[in-house]
$ cat upload_19.txt   # compact mmCIF, C-alpha atoms
# COMPACT_ATOMS: atom_id res chain seq x y z
CA MET A 1 -5.21 15.93 -21.09
CA LYS A 2 -5.35 13.02 -18.66
CA PHE A 3 -2.77 11.93 -16.09
CA ASP A 4 -2.23 8.90 -13.91
CA TYR A 5 0.25 8.26 -11.08
CA ILE A 6 0.90 5.39 -8.68
CA VAL A 7 1.71 6.28 -5.05
CA GLU A 8 3.81 3.73 -3.19
CA GLY A 9 2.74 3.01 0.39
CA GLY A 10 4.89 3.32 3.48
CA GLU A 11 7.64 5.08 1.57
CA PHE A 12 8.05 8.60 2.87
CA ILE A 13 11.02 8.90 0.53
CA ASN A 14 8.79 8.68 -2.54
CA ALA A 15 6.03 10.90 -1.18
CA GLY A 16 5.63 13.98 -3.31
CA ILE A 17 6.89 12.53 -6.58
CA ALA A 18 3.46 12.57 -8.22
CA SER A 19 2.81 16.15 -7.05
CA ALA A 20 6.18 17.28 -8.41
CA LYS A 21 5.49 15.57 -11.75
CA LEU A 22 2.08 17.19 -12.11
CA LYS A 23 3.55 20.54 -11.14
CA LYS A 24 6.04 20.27 -14.00
CA VAL A 25 3.28 19.38 -16.46
CA LEU A 26 1.19 22.38 -15.35
CA LYS A 27 4.21 24.67 -15.76
CA GLN A 28 4.77 23.37 -19.28
CA LEU A 29 1.12 24.06 -20.06
CA GLY A 30 1.58 27.66 -18.96
CA ILE A 31 -0.95 27.52 -16.10
CA ALA A 32 -0.77 30.56 -13.76
CA SER A 33 1.75 30.08 -10.95
CA ASP A 34 -0.74 30.78 -8.13
CA ILE A 35 -2.99 28.00 -9.41
CA ILE A 36 -0.04 25.63 -9.80
CA ARG A 37 0.94 26.30 -6.20
CA LYS A 38 -2.58 25.50 -4.96
CA VAL A 39 -2.72 22.28 -6.99
CA ALA A 40 0.76 21.20 -5.87
CA ILE A 41 0.11 21.83 -2.17
CA SER A 42 -3.29 20.12 -2.23
CA MET A 43 -2.03 17.12 -4.13
CA TYR A 44 1.05 16.73 -1.91
CA GLU A 45 -1.11 16.78 1.22
CA ALA A 46 -3.41 14.15 -0.25
CA GLU A 47 -0.45 12.10 -1.45
CA ILE A 48 1.12 12.17 2.01
CA ASN A 49 -2.19 11.06 3.52
CA MET A 50 -2.19 8.09 1.17
CA VAL A 51 1.34 7.13 2.23
CA ILE A 52 0.74 7.63 5.96
CA HIS A 53 -2.70 6.11 6.27
CA ALA A 54 -3.52 3.93 3.29
CA ASP A 55 -0.34 2.17 2.13
CA GLY A 56 -0.43 4.10 -1.12
CA GLY A 57 -2.93 4.22 -3.91
CA HIS A 58 -3.30 5.85 -7.27
CA ILE A 59 -4.01 9.28 -8.61
CA GLU A 60 -5.83 10.10 -11.80
CA GLY A 61 -7.07 13.31 -13.24
CA GLU A 62 -7.67 15.58 -16.12
CA ILE A 63 -6.63 19.04 -17.19
CA THR A 64 -9.11 20.92 -19.38
CA PRO A 65 -9.06 24.58 -20.45
CA GLU A 66 -11.50 25.34 -17.61
CA LYS A 67 -10.28 23.25 -14.70
CA ILE A 68 -7.96 20.67 -13.18
CA GLU A 69 -9.59 17.60 -11.68
CA VAL A 70 -7.67 15.26 -9.38
CA LEU A 71 -8.94 11.97 -7.96
CA LEU A 72 -6.85 10.25 -5.28
CA ILE A 73 -8.02 6.70 -4.74
CA ASP A 74 -6.83 4.35 -2.00
CA LYS A 75 -7.81 1.03 -0.49
CA GLY A 76 -6.84 2.06 3.03
CA PRO A 77 -8.79 1.74 6.27
CA GLY A 78 -11.19 4.60 5.48
CA ILE A 79 -11.87 7.65 7.63
CA GLU A 80 -13.92 6.96 10.74
CA ASP A 81 -15.15 10.48 11.40
CA LEU A 82 -14.84 12.80 8.42
CA ASP A 83 -15.90 15.94 10.30
CA LEU A 84 -13.23 15.30 12.91
CA ALA A 85 -10.65 14.59 10.19
CA MET A 86 -11.44 17.98 8.65
CA THR A 87 -10.75 19.74 11.96
CA GLU A 88 -7.46 21.63 12.08
CA GLY A 89 -5.04 19.93 14.46
CA TYR A 90 -6.76 16.53 14.50
CA SER A 91 -4.56 13.68 13.29
CA THR A 92 -4.29 9.92 13.61
CA ALA A 93 -0.79 9.80 12.10
CA SER A 94 1.82 7.43 13.55
CA LYS A 95 4.61 8.50 15.88
CA GLN A 96 7.10 7.96 13.06
CA ALA A 97 5.12 10.25 10.75
CA ARG A 98 4.87 12.90 13.46
CA GLU A 99 8.59 12.82 14.14
CA MET A 100 9.14 13.64 10.49
CA GLY A 101 6.90 16.68 10.75
CA PHE A 102 3.78 15.12 9.30
CA GLY A 103 0.55 14.58 11.21
CA ALA A 104 -0.02 18.22 12.13
CA GLY A 105 -3.70 17.75 11.43
CA MET A 106 -3.51 20.39 8.73
CA GLY A 107 -3.60 18.20 5.62
CA LEU A 108 -7.30 18.13 4.80
CA PRO A 109 -7.87 21.74 5.95
CA ASN A 110 -4.97 22.80 3.68
CA ILE A 111 -6.56 20.97 0.74
CA LYS A 112 -9.91 22.61 1.43
CA ARG A 113 -8.32 26.05 1.63
CA ASN A 114 -6.37 25.64 -1.60
CA SER A 115 -8.97 24.00 -3.81
CA ASP A 116 -12.20 25.20 -5.38
CA HIS A 117 -13.98 21.95 -4.67
CA LEU A 118 -13.23 19.06 -2.30
CA ASN A 119 -15.27 15.92 -1.95
CA ILE A 120 -14.25 12.90 0.12
CA SER A 121 -16.03 9.59 -0.08
CA THR A 122 -14.85 7.02 2.40
CA LYS A 123 -15.92 3.63 3.71
CA LEU A 124 -14.36 1.89 6.69
CA GLY A 125 -12.31 -1.12 5.63
CA VAL A 126 -12.78 -0.34 1.93
CA GLY A 127 -10.94 2.89 1.17
CA THR A 128 -11.14 6.56 0.47
CA THR A 129 -11.48 8.64 -2.67
CA VAL A 130 -10.55 12.29 -2.50
CA HIS A 131 -11.83 14.42 -5.37
CA ILE A 132 -10.27 17.86 -5.70
CA SER A 133 -10.83 20.39 -8.44
CA PHE A 134 -9.41 23.77 -9.33
CA LYS A 135 -10.79 26.39 -11.68
CA ILE A 136 -8.36 27.70 -14.25
CA THR A 137 -10.50 30.47 -15.67
CA MET B 1 17.83 40.52 -0.26
CA LYS B 2 19.81 37.72 -1.88
CA VAL B 3 20.52 34.31 -0.36
CA GLN B 4 24.24 35.08 -0.57
CA GLU B 5 23.85 38.02 1.82
CA ILE B 6 22.00 35.83 4.33
CA VAL B 7 24.72 33.19 4.04
CA ASN B 8 27.36 35.84 4.78
CA GLU B 9 25.49 37.61 7.58
CA LEU B 10 24.46 34.43 9.40
CA ASN B 11 27.66 32.55 8.62
CA LEU B 12 25.78 29.60 7.12
CA GLU B 13 27.23 26.50 5.54
CA VAL B 14 26.10 26.05 1.94
CA ILE B 15 25.15 22.40 1.41
CA THR B 16 23.73 22.60 -2.13
CA CYS B 17 23.39 24.93 -5.11
CA ASN B 18 26.30 27.27 -4.43
CA GLN B 19 25.78 28.60 -7.96
CA LEU B 20 22.23 29.82 -7.20
CA LEU B 21 22.94 32.12 -4.25
CA ASP B 22 21.89 35.23 -6.15
CA ARG B 23 18.28 34.10 -5.73
CA GLU B 24 16.06 36.71 -4.02
CA VAL B 25 14.51 36.20 -0.57
CA SER B 26 11.30 38.10 0.12
CA ASP B 27 9.99 36.64 3.37
CA GLY B 28 10.70 34.13 6.12
CA CYS B 29 9.02 31.12 7.66
CA VAL B 30 10.00 29.02 10.68
CA GLY B 31 8.37 25.64 11.13
CA ASP B 32 8.94 21.95 11.65
CA LEU B 33 5.44 20.71 10.86
CA LEU B 34 5.35 20.33 7.11
CA SER B 35 1.65 21.02 6.64
CA VAL B 36 1.87 24.20 8.68
CA VAL B 37 4.77 25.34 6.51
CA MET B 38 2.81 24.53 3.35
CA GLY B 39 -0.09 26.55 4.69
CA LYS B 40 1.98 29.55 5.74
CA ALA B 41 5.18 29.76 3.72
CA THR B 42 5.18 32.21 0.84
CA LYS B 43 6.95 31.94 -2.50
CA ASP B 44 10.62 32.99 -2.33
CA CYS B 45 10.77 32.84 1.45
CA VAL B 46 13.64 31.48 3.53
CA TRP B 47 12.39 28.47 5.50
CA VAL B 48 14.06 27.62 8.81
CA THR B 49 13.51 24.12 10.23
CA VAL B 50 15.06 21.36 12.33
CA GLN B 51 13.76 18.75 9.89
CA SER B 52 16.52 17.34 7.73
CA HIS B 53 14.97 14.51 5.71
CA ILE B 54 14.09 14.27 2.04
CA ASN B 55 10.50 15.45 2.41
CA ILE B 56 11.61 19.00 3.23
CA ILE B 57 12.91 19.15 -0.34
CA ALA B 58 9.48 18.19 -1.69
CA VAL B 59 7.84 20.86 0.45
CA GLY B 60 10.48 23.44 -0.49
CA MET B 61 9.92 22.72 -4.18
CA LEU B 62 6.15 22.80 -4.00
CA VAL B 63 6.01 26.03 -2.05
CA GLU B 64 8.91 27.44 -4.09
CA VAL B 65 10.93 28.65 -1.17
CA SER B 66 14.06 30.59 -1.96
CA CYS B 67 16.20 28.44 0.35
CA ILE B 68 15.99 26.12 3.36
CA ILE B 69 18.09 26.59 6.50
CA VAL B 70 18.42 23.42 8.58
CA SER B 71 19.06 24.58 12.14
CA GLU B 72 20.67 23.19 15.31
CA GLY B 73 23.49 21.65 13.28
CA PHE B 74 21.38 18.61 12.44
CA SER B 75 23.06 16.44 9.86
CA ILE B 76 21.12 16.36 6.61
CA ASP B 77 20.22 13.00 5.07
CA ASN B 78 22.22 12.14 1.95
CA ASP B 79 19.10 11.44 -0.11
CA ALA B 80 17.81 14.91 0.83
CA ILE B 81 21.06 16.46 -0.37
CA SER B 82 20.94 14.58 -3.70
CA LYS B 83 17.30 15.53 -4.25
CA ALA B 84 18.03 19.19 -3.46
CA GLN B 85 20.86 19.22 -6.00
CA GLU B 86 18.64 17.57 -8.59
CA GLU B 87 15.79 20.04 -8.05
CA ASP B 88 17.83 23.23 -7.52
CA VAL B 89 16.73 23.64 -3.91
CA ILE B 90 19.27 25.66 -1.92
CA LEU B 91 20.06 23.87 1.35
CA LEU B 92 21.91 25.77 4.05
CA SER B 93 22.98 24.67 7.49
CA SER B 94 23.41 26.48 10.80
CA LYS B 95 24.42 25.36 14.29
CA GLU B 96 22.08 27.91 15.81
CA SER B 97 18.47 27.43 16.95
CA ASN B 98 15.37 28.31 14.95
CA TYR B 99 14.85 31.20 17.37
CA LYS B 100 18.34 32.68 16.96
CA ILE B 101 18.22 32.33 13.19
CA ALA B 102 14.79 33.95 12.99
CA ALA B 103 15.96 36.82 15.20
CA LYS B 104 18.95 37.42 12.91
CA LEU B 105 16.79 37.26 9.78
CA SER B 106 14.40 39.73 11.37
CA ALA B 107 17.32 42.07 12.09
CA LEU B 108 18.05 41.92 8.36
CA ASP B 109 14.49 43.13 7.72
CA ILE B 110 13.19 39.78 6.51
$ encode --input "upload_19.txt" --output "structure tokens"
Amino acid sequence: MKFDYIVEGGEFINAGIASAKLKKVLKQLGIASDIIRKVAISMYEAEINMVIHADGGHIEGEITPEKIEVLLIDKGPGIEDLDLAMTEGYSTASKQAREMGFGAGMGLPNIKRNSDHLNISTKLGVGTTVHISFKIT
Amino acid sequence: MKVQEIVNELNLEVITCNQLLDREVSDGCVGDLLSVVMGKATKDCVWVTVQSHINIIAVGMLVEVSCIIVSEGFSIDNDAISKAQEEDVILLSSKESNYKIAAKLSALDI
């Protein structure tokens, strides 16, 4: 089963809608709740990153009997130093985002911790694609 | 322990989902940085925070907290209240600080 969501940029109000939708789908499919939680947290973190840093983007993915694959694709500024971005506590989020409790520098580390596979391809000025996958069995 | 008992013991204002107060609470989490909460909060915990905007509802839903207590008497955004009602997220309010609330929850063995 394939899925596809659009993430609006700059709208903190809409952040999390795609994650919530996917979570509902996974529940309907009877996926184990601990896996759903990992998928939902990872996808929300990635979705927030898209809103904060990349003016939105789109999410596509597939659910198979073995795994859940999620691709988050944006045309944002790209990540200058990926190793630094993966460091807990490092963030380039705006003051506004920080005031709302985002920008703790925990987003990518949280995704890594909750997923079975994380791959980020990024190019400055072109965009970033975050590929996350989760084993079901 | 049920949310209703926490509401009574801590004298909290119930903002949403009055009908769901028999939900169980198994743990607690205090935090205002959403990613930290997502990393640390456990399912069915009570989450105490000063944040009062709509994104706390998204986090509460995803982590499946039992309820959210907004501390320091901060007024909660209307869109957050509507979203909480829509998604069955229990929102509670207290005039006390995160510290005081956590201390009282701890005294209740949470």
$ closest_residue --input "upload_19.txt" --among "A:Lys2, A:Lys75, A:Arg113, A:Lys21" --to "Met38 (chain B)" --atoms "only C-alpha atoms"
A:Arg113
$ atom_distance --input "upload_19.txt" --atom1 "CA of Leu105 (chain B)" --atom2 "CA of Glu88 (chain A)"
28.9 Å
$ closest_atom_pairs --input "upload_19.txt" --of "chain B" --to "chain A" --cutoff "8 Å" --atoms "only C-alpha atoms" --output "tab-separated table"
residue	atom	partner	partner_atom	distance
B:Asp32	CA	A:Gly101	CA	5.7
B:Leu33	CA	A:Gly101	CA	4.3
B:Leu34	CA	A:Gly101	CA	5.4
B:Ser35	CA	A:Met106	CA	5.6
B:Val36	CA	A:Met106	CA	6.6
B:Met38	CA	A:Ile41	CA	6.7
B:Gly39	CA	A:Asn110	CA	6.2
B:Gln51	CA	A:Met100	CA	6.9
B:His53	CA	A:Met100	CA	7.6
B:Ile54	CA	A:Ile13	CA	6.4
B:Asn55	CA	A:Ile13	CA	6.8
B:Ala58	CA	A:Gly16	CA	5.9
B:Met61	CA	A:Ala20	CA	7.8
B:Leu62	CA	A:Ala40	CA	5.9
B:Val63	CA	A:Arg37	CA	6.6
$ atom_distance --input "upload_19.txt" --atom1 "CA of Asp88 (chain B)" --atom2 "CA of Gln19 (chain B)"
9.6 Å
$ atom_distance --input "upload_19.txt" --atom1 "CA of Gly31 (chain B)" --atom2 "CA of Val59 (chain B)"
11.7 Å
$ residues_around --input "upload_19.txt" --residues "Ile59 (chain A)" --least-positions-apart "6" --cutoff "8 Å" --atoms "all atoms listed in the file" --output "number ranges by chain"
A: 4-7, 70-73
$ write_last_selection --input "upload_19.txt" --atoms "C-alpha atoms" --output "tab-separated table (two decimals), in the frame of the given file"
chain	number	residue	atom	x	y	z
A	4	ASP	CA	-2.23	8.90	-13.91
A	5	TYR	CA	0.25	8.26	-11.08
A	6	ILE	CA	0.90	5.39	-8.68
A	7	VAL	CA	1.71	6.28	-5.05
A	70	VAL	CA	-7.67	15.26	-9.38
A	71	LEU	CA	-8.94	11.97	-7.96
A	72	LEU	CA	-6.85	10.25	-5.28
A	73	ILE	CA	-8.02	6.70	-4.74
$ closest_residue --input "upload_19.txt" --among "A:Gln28, A:Gln96, A:Thr128, A:Ser133" --to "Leu82 (chain A)" --atoms "only C-alpha atoms"
A:Thr128
$ closest_residue --input "upload_19.txt" --among "A:Pro77, A:Pro65, A:Gly57, A:Gly9" --to "Thr137 (chain A)" --atoms "only C-alpha atoms"
A:Pro65
$ residues_around --input "upload_19.txt" --residues "Lys135 (chain A)" --least-positions-apart "2" --cutoff "10 Å" --atoms "only C-alpha atoms" --output "list in words"
Ile35, Thr64, Pro65, Glu66, Lys67, Ile68, Glu69, Ser115, Asp116, His117, Ser133 and Thr137 of chain A
